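Here is the file protein.txt (compact mmCIF, C-alpha atoms and all ligand atoms).
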```
# COMPACT_ATOMS: atom_id res chain seq x y z
CA MET A 157 42.18 94.19 -26.69
CA LYS A 158 41.64 90.65 -25.46
CA ILE A 159 44.96 88.89 -24.94
CA LEU A 160 45.42 85.19 -24.30
CA VAL A 161 48.44 84.60 -22.06
CA ILE A 162 49.96 81.13 -22.21
CA ASN A 163 52.51 79.58 -19.86
CA CYS A 164 53.28 76.14 -21.21
CA GLY A 165 55.15 73.44 -19.28
CA SER A 166 56.06 69.92 -20.31
CA SER A 167 52.76 68.42 -19.09
CA SER A 168 50.78 71.51 -18.11
CA LEU A 169 49.50 74.71 -19.67
CA LYS A 170 48.35 77.73 -17.67
CA TYR A 171 46.25 80.40 -19.35
CA GLN A 172 44.54 83.71 -18.73
CA LEU A 173 42.37 85.75 -21.04
CA ILE A 174 43.08 89.37 -20.15
CA ASP A 175 41.12 92.42 -21.22
CA SER A 176 43.86 94.99 -21.76
CA THR A 177 41.47 97.92 -21.21
CA THR A 178 40.46 96.91 -17.68
CA GLU A 179 43.71 94.91 -17.13
CA LYS A 180 41.55 92.22 -15.51
CA ALA A 181 41.54 88.49 -16.21
CA MET A 182 38.23 87.44 -17.78
CA ALA A 183 39.07 83.74 -17.28
CA VAL A 184 41.98 81.79 -15.86
CA GLY A 185 42.78 78.13 -16.00
CA LEU A 186 45.12 75.23 -16.20
CA CYS A 187 45.45 72.11 -18.32
CA GLU A 188 47.17 69.35 -16.37
CA ARG A 189 48.46 65.87 -17.11
CA ILE A 190 48.89 66.59 -20.84
CA GLY A 191 50.11 63.43 -22.58
CA ILE A 192 49.06 61.31 -19.58
CA ASP A 193 45.27 61.53 -19.32
CA GLY A 194 44.19 65.16 -19.05
CA ARG A 195 42.30 67.62 -16.88
CA LEU A 196 41.13 71.18 -17.47
CA VAL A 197 40.48 73.51 -14.55
CA HIS A 198 38.72 76.66 -15.77
CA THR A 199 37.47 79.67 -13.85
CA LYS A 200 35.38 82.45 -15.32
CA ALA A 201 36.01 85.68 -13.41
CA GLY A 202 33.69 85.93 -10.43
CA GLU A 203 32.45 82.35 -10.74
CA GLU A 204 33.27 78.97 -9.21
CA LYS A 205 36.17 76.89 -10.48
CA LEU A 206 35.12 74.12 -12.91
CA THR A 207 37.07 70.90 -13.41
CA PHE A 208 36.75 68.77 -16.54
CA GLU A 209 38.39 65.37 -16.92
CA LYS A 210 39.25 65.51 -20.60
CA PRO A 211 41.66 63.48 -22.73
CA LEU A 212 44.61 65.75 -23.56
CA PRO A 213 46.95 63.54 -25.59
CA ASN A 214 49.16 66.51 -26.59
CA HIS A 215 49.54 70.29 -26.28
CA GLU A 216 47.47 70.97 -29.38
CA ALA A 217 44.56 69.16 -27.73
CA ALA A 218 45.15 71.26 -24.60
CA VAL A 219 45.09 74.56 -26.52
CA GLN A 220 41.94 73.37 -28.34
CA ALA A 221 40.33 72.58 -24.96
CA VAL A 222 41.21 76.07 -23.70
CA LEU A 223 39.73 77.73 -26.80
CA THR A 224 36.57 75.61 -26.46
CA ALA A 225 36.24 76.57 -22.77
CA LEU A 226 36.74 80.27 -23.55
CA THR A 227 34.00 80.24 -26.21
CA ASP A 228 31.57 77.94 -24.36
CA GLN A 229 28.04 79.38 -24.10
CA GLY A 230 27.85 78.74 -20.36
CA HIS A 231 31.27 79.16 -18.78
CA GLY A 232 32.97 80.90 -21.70
CA VAL A 233 33.82 84.61 -21.80
CA ILE A 234 33.90 85.37 -25.55
CA SER A 235 31.49 84.48 -28.32
CA ALA A 236 34.05 83.88 -31.07
CA LEU A 237 37.74 83.05 -31.30
CA SER A 238 38.23 86.10 -33.49
CA GLU A 239 37.86 88.20 -30.30
CA ILE A 240 41.33 87.01 -29.21
CA GLU A 241 43.51 89.65 -30.82
CA ALA A 242 46.92 88.42 -29.72
CA VAL A 243 48.65 85.72 -27.69
CA GLY A 244 51.48 86.33 -25.21
CA HIS A 245 53.72 83.37 -24.45
CA ARG A 246 55.95 83.04 -21.43
CA VAL A 247 59.35 81.72 -22.53
CA VAL A 248 61.85 80.79 -19.85
CA HIS A 249 65.23 81.29 -21.53
CA GLY A 250 66.13 83.91 -24.09
CA GLY A 251 69.90 83.57 -23.65
CA GLU A 252 71.89 86.68 -24.57
CA ARG A 253 69.88 87.16 -27.74
CA PHE A 254 66.63 88.47 -26.23
CA VAL A 255 66.85 91.63 -24.16
CA GLY A 256 63.11 92.25 -24.32
CA SER A 257 59.85 90.78 -25.61
CA VAL A 258 59.48 90.11 -29.35
CA VAL A 259 56.80 89.34 -31.92
CA ILE A 260 57.13 85.65 -32.79
CA ASP A 261 58.11 84.66 -36.32
CA ASP A 262 60.05 81.71 -37.76
CA GLU A 263 63.39 83.37 -37.03
CA VAL A 264 62.45 84.01 -33.39
CA ILE A 265 61.35 80.39 -33.01
CA ALA A 266 64.71 79.22 -34.36
CA ALA A 267 66.54 81.54 -31.94
CA ILE A 268 64.48 80.28 -28.97
CA ARG A 269 65.33 76.74 -30.05
CA GLU A 270 69.01 77.67 -29.94
CA CYS A 271 68.52 78.47 -26.23
CA ASN A 272 67.09 74.99 -25.52
CA ASP A 273 70.42 73.76 -24.16
CA LEU A 274 70.27 76.44 -21.47
CA ALA A 275 66.77 75.41 -20.29
CA PRO A 276 66.21 71.85 -21.46
CA LEU A 277 63.16 71.31 -19.26
CA HIS A 278 61.40 74.55 -20.12
CA ASN A 279 62.17 76.01 -23.55
CA PRO A 280 61.12 72.93 -25.57
CA ALA A 281 57.78 72.93 -23.73
CA ASN A 282 57.34 76.67 -24.35
CA LEU A 283 57.98 76.07 -28.07
CA ILE A 284 55.42 73.27 -28.21
CA GLY A 285 52.84 75.68 -26.76
CA ILE A 286 53.74 78.34 -29.34
CA ASP A 287 53.51 75.80 -32.14
CA ALA A 288 50.10 74.53 -30.98
CA CYS A 289 48.72 78.09 -30.77
CA ARG A 290 50.08 79.02 -34.21
CA LYS A 291 48.37 75.96 -35.70
CA LEU A 292 45.02 76.60 -34.06
CA MET A 293 45.03 80.41 -34.35
CA PRO A 294 46.68 81.12 -37.70
CA GLY A 295 47.15 84.82 -38.39
CA VAL A 296 46.79 85.87 -34.74
CA PRO A 297 49.93 87.82 -33.68
CA MET A 298 51.97 86.15 -30.94
CA VAL A 299 54.59 87.60 -28.63
CA ALA A 300 57.33 85.87 -26.61
CA VAL A 301 58.09 87.30 -23.16
CA PHE A 302 61.29 85.95 -21.63
CA ASP A 303 62.02 85.22 -17.95
CA THR A 304 65.65 86.16 -18.54
CA ALA A 305 65.21 89.38 -20.56
CA PHE A 306 64.89 91.89 -17.69
CA HIS A 307 68.24 90.77 -16.29
CA GLN A 308 70.13 91.30 -19.56
CA THR A 309 71.09 94.76 -18.27
CA MET A 310 73.42 93.19 -15.66
CA PRO A 311 77.00 94.41 -16.03
CA LYS A 312 79.61 91.87 -17.01
CA LYS A 313 81.14 91.79 -13.51
CA ALA A 314 77.76 90.62 -12.16
CA TYR A 315 77.07 87.92 -14.73
CA THR A 316 80.55 86.45 -15.07
CA TYR A 317 81.52 83.23 -13.26
CA ALA A 318 85.18 82.79 -12.30
CA LEU A 319 85.59 79.74 -14.55
CA PRO A 320 88.00 79.26 -17.47
CA TYR A 321 86.85 81.95 -19.91
CA GLU A 322 86.53 79.48 -22.77
CA TYR A 323 83.24 78.18 -21.27
CA TYR A 324 81.67 81.59 -21.65
CA ASP A 325 83.06 81.92 -25.17
CA LYS A 326 82.05 78.44 -26.27
CA TYR A 327 78.81 77.80 -24.38
CA LYS A 328 77.76 81.16 -22.95
CA VAL A 329 78.08 79.87 -19.39
CA ARG A 330 77.14 82.94 -17.32
CA ARG A 331 74.49 84.27 -14.96
CA TYR A 332 71.18 84.91 -16.72
CA GLY A 333 68.68 85.15 -13.87
CA PHE A 334 64.99 84.25 -13.98
CA HIS A 335 61.59 85.53 -12.75
CA GLY A 336 62.50 88.63 -14.81
CA THR A 337 58.89 89.47 -15.66
CA SER A 338 58.08 89.47 -11.95
CA HIS A 339 61.14 91.49 -10.90
CA SER A 340 60.37 94.06 -13.58
CA TYR A 341 56.66 94.34 -12.74
CA VAL A 342 57.16 94.41 -8.96
CA SER A 343 60.07 96.88 -8.94
CA ARG A 344 58.13 99.35 -11.09
CA ARG A 345 54.98 98.93 -8.97
CA ALA A 346 57.00 99.33 -5.76
CA ALA A 347 58.42 102.63 -7.06
CA GLU A 348 54.91 103.86 -7.92
CA ILE A 349 53.48 102.89 -4.52
CA ALA A 350 56.47 104.28 -2.60
CA GLY A 351 56.38 107.54 -4.57
CA LEU A 352 59.86 107.03 -6.04
CA ASP A 353 61.07 108.03 -9.48
CA TYR A 354 61.66 104.54 -10.99
CA GLU A 355 64.44 105.80 -13.28
CA ASN A 356 66.24 107.23 -10.26
CA SER A 357 65.79 104.60 -7.55
CA LYS A 358 67.44 101.68 -5.76
CA ILE A 359 65.02 98.79 -5.29
CA ILE A 360 65.54 95.24 -4.04
CA VAL A 361 62.87 92.73 -5.05
CA CYS A 362 62.53 89.51 -3.04
CA HIS A 363 60.51 87.05 -5.14
CA LEU A 364 59.85 84.38 -2.53
CA GLY A 365 57.77 81.48 -3.77
CA ASN A 366 58.48 77.82 -4.24
CA GLY A 367 61.21 79.09 -6.55
CA ALA A 368 62.88 82.12 -5.00
CA SER A 369 65.13 84.85 -6.35
CA ILE A 370 66.18 88.35 -5.44
CA SER A 371 67.26 91.23 -7.63
CA ALA A 372 68.95 94.60 -7.37
CA VAL A 373 67.14 97.10 -9.59
CA LEU A 374 69.08 100.33 -10.04
CA ASN A 375 67.35 103.19 -11.87
CA GLY A 376 64.81 100.76 -13.35
CA LYS A 377 67.41 98.25 -14.57
CA SER A 378 68.38 94.88 -13.10
CA ILE A 379 72.05 95.03 -12.16
CA ASP A 380 72.24 91.71 -10.30
CA THR A 381 70.10 88.73 -9.42
CA SER A 382 70.53 85.54 -7.43
CA MET A 383 69.58 82.86 -9.96
CA GLY A 384 72.31 81.99 -12.42
CA LEU A 385 72.83 79.89 -15.52
CA THR A 386 69.87 77.89 -14.21
CA PRO A 387 67.23 78.58 -11.55
CA LEU A 388 69.17 76.48 -9.02
CA GLU A 389 71.53 79.18 -7.74
CA GLY A 390 70.97 81.70 -4.99
CA LEU A 391 68.33 81.66 -2.25
CA VAL A 392 67.19 78.57 -0.39
CA MET A 393 63.98 77.42 -2.11
CA GLY A 394 61.14 74.96 -1.57
CA THR A 395 63.09 71.98 -2.92
CA ARG A 396 66.19 73.63 -4.47
CA SER A 397 69.42 74.09 -2.54
CA GLY A 398 70.39 77.52 -3.87
CA ASP A 399 74.08 78.34 -3.25
CA ILE A 400 76.29 75.50 -2.05
CA ASP A 401 80.00 74.77 -2.20
CA PRO A 402 80.35 73.15 -5.66
CA ALA A 403 82.76 70.59 -4.18
CA ILE A 404 79.81 69.06 -2.27
CA ILE A 405 78.68 67.51 -5.55
CA GLU A 406 81.81 65.36 -5.84
CA PHE A 407 81.85 64.66 -2.10
CA ILE A 408 78.31 63.24 -2.00
CA ALA A 409 78.72 61.46 -5.34
CA LYS A 410 81.72 59.57 -3.96
CA LYS A 411 80.28 58.88 -0.51
CA GLU A 412 76.91 57.68 -1.82
CA GLY A 413 77.95 56.30 -5.21
CA LYS A 414 75.56 58.63 -7.00
CA SER A 415 75.65 59.73 -10.64
CA LEU A 416 75.69 63.38 -11.74
CA ASP A 417 72.04 63.09 -12.79
CA GLU A 418 71.11 61.77 -9.36
CA ILE A 419 72.96 64.57 -7.60
CA MET A 420 71.34 67.21 -9.82
CA ASN A 421 67.94 65.71 -9.08
CA LEU A 422 68.77 65.83 -5.38
CA LEU A 423 69.79 69.51 -5.57
CA ASN A 424 66.71 70.49 -7.57
CA LYS A 425 63.98 68.34 -6.06
CA LYS A 426 65.04 67.04 -2.66
CA SER A 427 66.91 69.95 -1.09
CA GLY A 428 65.87 73.43 0.06
CA VAL A 429 63.54 73.69 3.05
CA TYR A 430 62.04 70.34 2.08
CA GLY A 431 65.37 68.55 2.33
CA LEU A 432 66.34 70.42 5.48
CA SER A 433 63.08 69.86 7.34
CA GLY A 434 62.06 66.48 5.98
CA VAL A 435 58.53 67.87 6.39
CA SER A 436 57.47 69.86 3.33
CA SER A 437 58.47 72.44 0.73
CA ASP A 438 55.47 74.53 1.73
CA PHE A 439 56.13 77.13 4.40
CA ARG A 440 52.61 76.77 5.79
CA ASP A 441 53.39 73.15 6.66
CA LEU A 442 56.77 74.18 8.08
CA GLU A 443 55.15 76.77 10.29
CA ALA A 444 52.58 74.26 11.57
CA ALA A 445 55.32 71.70 12.25
CA ALA A 446 57.52 74.28 14.00
CA MET A 447 54.57 75.27 16.22
CA GLN A 448 54.34 71.64 17.28
CA GLY A 449 57.99 71.68 18.27
CA ASN A 450 59.61 70.28 15.11
CA GLU A 451 63.14 71.68 15.41
CA ARG A 452 64.21 70.91 11.86
CA ALA A 453 61.22 72.74 10.42
CA LYS A 454 62.20 75.74 12.53
CA GLU A 455 65.85 75.52 11.44
CA ALA A 456 64.91 75.22 7.76
CA THR A 457 62.98 78.49 8.02
CA GLU A 458 65.91 80.14 9.81
CA VAL A 459 68.33 79.08 7.05
CA PHE A 460 65.94 80.42 4.41
CA VAL A 461 65.49 83.75 6.20
CA TYR A 462 69.22 84.18 6.92
CA ARG A 463 70.25 83.50 3.31
CA THR A 464 67.68 85.99 2.02
CA ALA A 465 68.83 88.68 4.49
CA LYS A 466 72.48 88.13 3.44
CA TYR A 467 71.54 88.68 -0.21
CA VAL A 468 69.72 91.90 0.68
CA GLY A 469 72.96 93.09 2.29
CA ALA A 470 74.94 92.13 -0.80
CA TYR A 471 72.60 94.05 -3.08
CA VAL A 472 72.65 97.12 -0.89
CA ALA A 473 76.42 97.05 -1.39
CA ALA A 474 76.01 96.51 -5.16
CA MET A 475 73.82 99.64 -5.42
CA ASN A 476 75.54 101.62 -2.66
CA GLY A 477 72.22 101.97 -0.85
CA VAL A 478 68.56 101.06 -1.12
CA ASP A 479 65.35 103.10 -1.26
CA ALA A 480 62.82 100.27 -1.15
CA ILE A 481 62.62 96.54 -0.53
CA ALA A 482 59.64 94.74 -2.08
CA PHE A 483 58.38 91.27 -1.15
CA THR A 484 56.43 89.25 -3.69
CA ALA A 485 55.28 85.73 -4.78
CA GLY A 486 53.44 83.17 -2.60
CA LEU A 487 55.50 83.65 0.50
CA GLY A 488 56.52 87.28 0.03
CA GLU A 489 52.94 88.37 -0.61
CA ASN A 490 51.31 86.35 2.13
CA ASP A 491 53.63 85.53 4.99
CA ARG A 492 54.02 88.43 7.42
CA LYS A 493 56.22 86.39 9.76
CA ILE A 494 58.81 85.61 7.08
CA ARG A 495 58.85 89.27 5.97
CA ALA A 496 59.31 90.42 9.57
CA GLN A 497 62.05 87.85 10.22
CA ILE A 498 64.04 88.89 7.13
CA CYS A 499 63.67 92.57 8.04
CA SER A 500 64.83 91.85 11.61
CA TYR A 501 68.34 91.49 10.10
CA LEU A 502 68.15 94.89 8.43
CA GLY A 503 68.14 97.25 11.40
CA TYR A 504 71.56 98.56 10.35
CA LEU A 505 69.91 100.00 7.23
CA GLY A 506 67.31 101.80 9.32
CA VAL A 507 64.62 99.33 8.26
CA GLU A 508 61.63 99.39 10.61
CA VAL A 509 58.60 97.22 9.93
CA ASP A 510 55.20 98.30 11.29
CA ALA A 511 53.53 95.19 12.73
CA VAL A 512 50.00 96.41 11.97
CA ARG A 513 50.81 97.41 8.38
CA ASN A 514 52.65 94.13 7.90
CA ASP A 515 49.53 92.15 8.82
CA VAL A 516 48.50 91.93 5.16
CA ARG A 517 48.00 89.11 2.68
CA GLY A 518 48.00 89.26 -1.11
CA LYS A 519 47.55 93.03 -1.22
CA GLU A 520 49.76 95.96 -2.17
CA ALA A 521 50.94 97.67 1.00
CA VAL A 522 53.75 99.71 2.48
CA ILE A 523 54.65 97.65 5.56
CA SER A 524 57.43 99.83 6.95
CA ALA A 525 56.93 102.39 9.73
CA ASP A 526 56.92 106.09 8.84
CA ALA A 527 60.30 106.44 10.58
CA SER A 528 61.88 103.63 8.51
CA LYS A 529 64.84 104.85 6.42
CA VAL A 530 63.95 102.31 3.72
CA LYS A 531 60.41 101.73 2.41
CA VAL A 532 59.39 98.08 2.71
CA LEU A 533 56.47 96.84 0.63
CA ALA A 534 54.37 93.80 -0.13
CA VAL A 535 53.51 93.77 -3.84
CA PRO A 536 51.58 90.86 -5.37
CA THR A 537 53.26 89.90 -8.61
CA ASN A 538 51.24 89.63 -11.81
CA GLU A 539 53.38 88.05 -14.49
CA GLU A 540 50.38 87.40 -16.74
CA LEU A 541 49.40 91.07 -16.76
CA ALA A 542 53.01 92.04 -17.50
CA ILE A 543 53.02 89.57 -20.43
CA ALA A 544 49.69 90.95 -21.69
CA ARG A 545 51.01 94.54 -21.49
CA ASP A 546 54.14 93.68 -23.49
CA THR A 547 52.00 91.81 -26.01
CA VAL A 548 49.68 94.78 -26.52
CA ALA A 549 52.61 97.19 -26.83
CA LEU A 550 54.36 95.09 -29.48
CA VAL A 551 51.25 94.20 -31.45
CA GLN A 552 50.09 97.82 -31.61
CA LYS A 553 53.48 99.01 -32.85
P1 LIG B 1 54.49 80.36 -5.34
O1 LIG B 1 55.55 79.46 -5.90
O2 LIG B 1 54.72 81.81 -5.65
O3 LIG B 1 53.09 79.91 -5.68
O4 LIG B 1 54.62 80.27 -3.75
C1 LIG B 1 54.42 79.05 -3.08
C2 LIG B 1 54.78 79.19 -1.63
O5 LIG B 1 54.16 80.34 -1.05
C3 LIG B 1 54.28 78.00 -0.83
O6 LIG B 1 55.31 77.10 -0.66
C4 LIG B 1 53.85 78.60 0.48
O7 LIG B 1 54.86 78.33 1.42
C5 LIG B 1 53.76 80.08 0.28
N1 LIG B 1 52.39 80.55 0.47
C6 LIG B 1 51.40 80.59 -0.44
N2 LIG B 1 50.27 81.09 0.10
C7 LIG B 1 50.55 81.38 1.38
C8 LIG B 1 49.80 81.93 2.47
N3 LIG B 1 48.52 82.28 2.32
N4 LIG B 1 50.44 82.08 3.65
C9 LIG B 1 51.72 81.74 3.79
N5 LIG B 1 52.47 81.21 2.80
C10 LIG B 1 51.91 81.03 1.63
```
Would you put the structure from the file into structure tokens?
Amino acid sequence: MKILVINCGSSSLKYQLIDSTTEKAMAVGLCERIGIDGRLVHTKAGEEKLTFEKPLPNHEAAVQAVLTALTDQGHGVISALSEIEAVGHRVVHGGERFVGSVVIDDEVIAAIRECNDLAPLHNPANLIGIDACRKLMPGVPMVAVFDTAFHQTMPKKAYTYALPYEYYDKYKVRRYGFHGTSHSYVSRRAAEIAGLDYENSKIIVCHLGNGASISAVLNGKSIDTSMGLTPLEGLVMGTRSGDIDPAIIEFIAKKEGKSLDEIMNLLNKKSGVYGLSGVSSDFRDLEAAAMQGNERAKEATEVFVYRTAKYVGAYVAAMNGVDAIAFTAGLGENDRKIRAQICSYLGYLGVEVDAVRNDVRGKEAVISADASKVKVLAVPTNEELAIARDTVALVQK
């Protein structure tokens, strides 16, 4: 089957056309600046990237541009739209309602809309993408795959905040967790590569990208994860603070005369390693700056590494042990130094990284030494493939 995978943001739309037989992307691309001016970047597998400046006044125009690119005689990959047998949509928040992927119908759309409050920046954009695809591809089955769903197996003690209980009752204020598609895909792949029985294993997944989260996957189920009600909690990220003392919000607001909105913007967009270093949110820039003697860039990386290592320790406690630790996403897949630095805190677990095996970028690899008591792996994530697999499974049912 040929599956179109759509990840729709407020002004962007990422897509991949995946052949479910080969599990390879036939074309990948991105519509940017939707509603502003518009640009389409399209790559046919094995060919050069093409950029088209194209007016994209709304998401429907963006989806139309994608469909036109996919069927183009030159850079297209299919001869007719009818070859697209299903569409898989990434949806950020499924609340407590969605514990897995679902075929989209009017009732599902209404239920996703009910979760808008929980992800006001993301869910409305995801719905606009779904709506545009339904208009332009009537009759084609569509599936919603939620970032939160994999973590719905967390026990209550893991997802409950110690706030007055009425806020859970009234507004469902609790930990949801994100990057679920990635944690699910990577934990399963790590078990396969490490030769573990997934249903009988203890795996920690470190998804370290611009957004970063970590999960404890016990016997194939997420039992805890670092992101919370929103993707702000947990690890230090590119521009997000992760965990802080909540009283800091009032303290800075009073000292600087800032509004709640301004403080939230500061925590989401101006903090993390960017805020700490004053250099960049990108670890490649931080490393370059640190090499040139920039102390704050070095410290920012140390804070990031230390926080991640502390969470690994917490999740080992949550599972009473660990069989494998998997690194994924931009940094986890590519940055051997960060992986080695995090693992340098884990000697007490018997973790031993092999420097030669760890010298790997963007490839699946066991990076621990044979003598290591815990298998450590680099596993490139593939959320689009995971979405395509769920879509095929549900559509064929
Ligand atoms: P992501 O959000 O998963 O795309 O990850 C983005 C982050 O991954 C960037 O901030 C970089 O710091 C890091 N990253 C991406 N590629 C590389 C690379 N080749 N080497 C080191 N770090 C990388």
- Query: Given a cut-off of 6 Å, what residues near ligand LIG 1 (chain B) show up using only C-alpha atoms and all ligand atoms, put as an MDAnalysis selection string?
  - Reply: chainID A and resid 365:367 437:440 485:487 490:491
Leaving out range 534-548 of chain A and any residue of its chain fewer than 6 positions from it, which residues lie within 7 Å of it when counting all atoms listed in the file, given as a compact mmCIF listing (two decimals) with C-alpha atoms, in the coordinates of the input?
```txt
# COMPACT_ATOMS: atom_id res chain seq x y z
CA ILE A 159 44.96 88.89 -24.94
CA VAL A 161 48.44 84.60 -22.06
CA ILE A 174 43.08 89.37 -20.15
CA GLU A 179 43.71 94.91 -17.13
CA GLY A 244 51.48 86.33 -25.21
CA SER A 257 59.85 90.78 -25.61
CA VAL A 299 54.59 87.60 -28.63
CA VAL A 301 58.09 87.30 -23.16
CA THR A 337 58.89 89.47 -15.66
CA SER A 338 58.08 89.47 -11.95
CA TYR A 341 56.66 94.34 -12.74
CA VAL A 342 57.16 94.41 -8.96
CA ALA A 346 57.00 99.33 -5.76
CA ALA A 482 59.64 94.74 -2.08
CA PHE A 483 58.38 91.27 -1.15
CA THR A 484 56.43 89.25 -3.69
CA ALA A 485 55.28 85.73 -4.78
CA GLY A 488 56.52 87.28 0.03
CA GLU A 489 52.94 88.37 -0.61
CA GLY A 518 48.00 89.26 -1.11
CA LYS A 519 47.55 93.03 -1.22
CA GLU A 520 49.76 95.96 -2.17
CA ALA A 521 50.94 97.67 1.00
CA VAL A 522 53.75 99.71 2.48
CA ILE A 523 54.65 97.65 5.56
```
- Item | Among the residues A:Glu252, A:Asp515, A:Glu263, A:Asp273, the one that comes closest to Arg495 in chain A [using all atoms listed in the file] |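 Ranked by minimum distance to Arg495 in chain A, first place goes to A:Asp515.
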- Message: I need the residue nearest Glu443 in chain A from this list: A:Glu458, A:Gly431, A:Asp228, A:Ala281. Use all atoms listed in the file for the distance.
- Response: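 Under the stated criterion, the closest residue is A:Glu458.
Nearest residue to Leu374 in chain A among A:Val472, A:Ile419, A:Ala456, A:Ala201 is A:Val472, counting all atoms listed in the file.
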- Grab the CA of His249 in chain A to CA of Tyr327 in chain A distance for me, in Å with one decimal place. 14.3 Å
- Item | Atomic separation - CA of Tyr354 in chain A relative to CA of Gly376 in chain A, Å | 5.5 Å
- Just the residues within 9 Å of range 288-298 of chain A, please, counting all atoms listed in the file, with nothing from its chain fewer than 4 positions along; format it as a PyMOL selection string. chain A and resi 215-220+237-238+240-245+258-261+283-284+547+551
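Considering the residues A:Ala511, A:Val373, A:Leu385, A:Ala183 and counting only C-alpha atoms, Glu355 in chain A has its shortest atom-to-atom contact with A:Val373.
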- Nearest-residue call for Leu226 in chain A, choices A:Lys205, A:Lys531, A:Lys200, A:Arg253, using all atoms listed in the file: A:Lys200
- Using only C-alpha atoms, pick whichever of A:Ala350, A:Met383, A:Leu173, A:Leu186 has the shortest atom-to-atom distance to His335 in chain A. A:Met383
- Mind checking which residues fall within 12 Å of range 400-402 of chain A, counting all atoms listed in the file, ignoring those fewer than 6 positions away in the same chain, and posting them as an NGL selection string? :A and (388-392 or 408-409 or 419-420 or 423 or 427-428 or 463)
- Task: Calculate how many Å separate CA of Ala496 in chain A from CA of Ser524 in chain A, rounding to one decimal.
- Result: 9.9 Å
- Task: Mind checking which residues fall within 8 Å of Gly506 in chain A, counting all atoms listed in the file, ignoring those fewer than 5 positions away in the same chain, and posting them as an NGL selection string?
- Result: :A and (528-530)
With 6 Å on each side, where is the centre of the axis-aligned box around all listed atoms of range 287-295 of chain A, and how long are its edges in Å to one decimal, as lines of an AutoDock Vina configuration file?
```
center_x = 49.3
center_y = 79.7
center_z = -34.6
size_x = 20.5
size_y = 22.3
size_z = 19.6
```
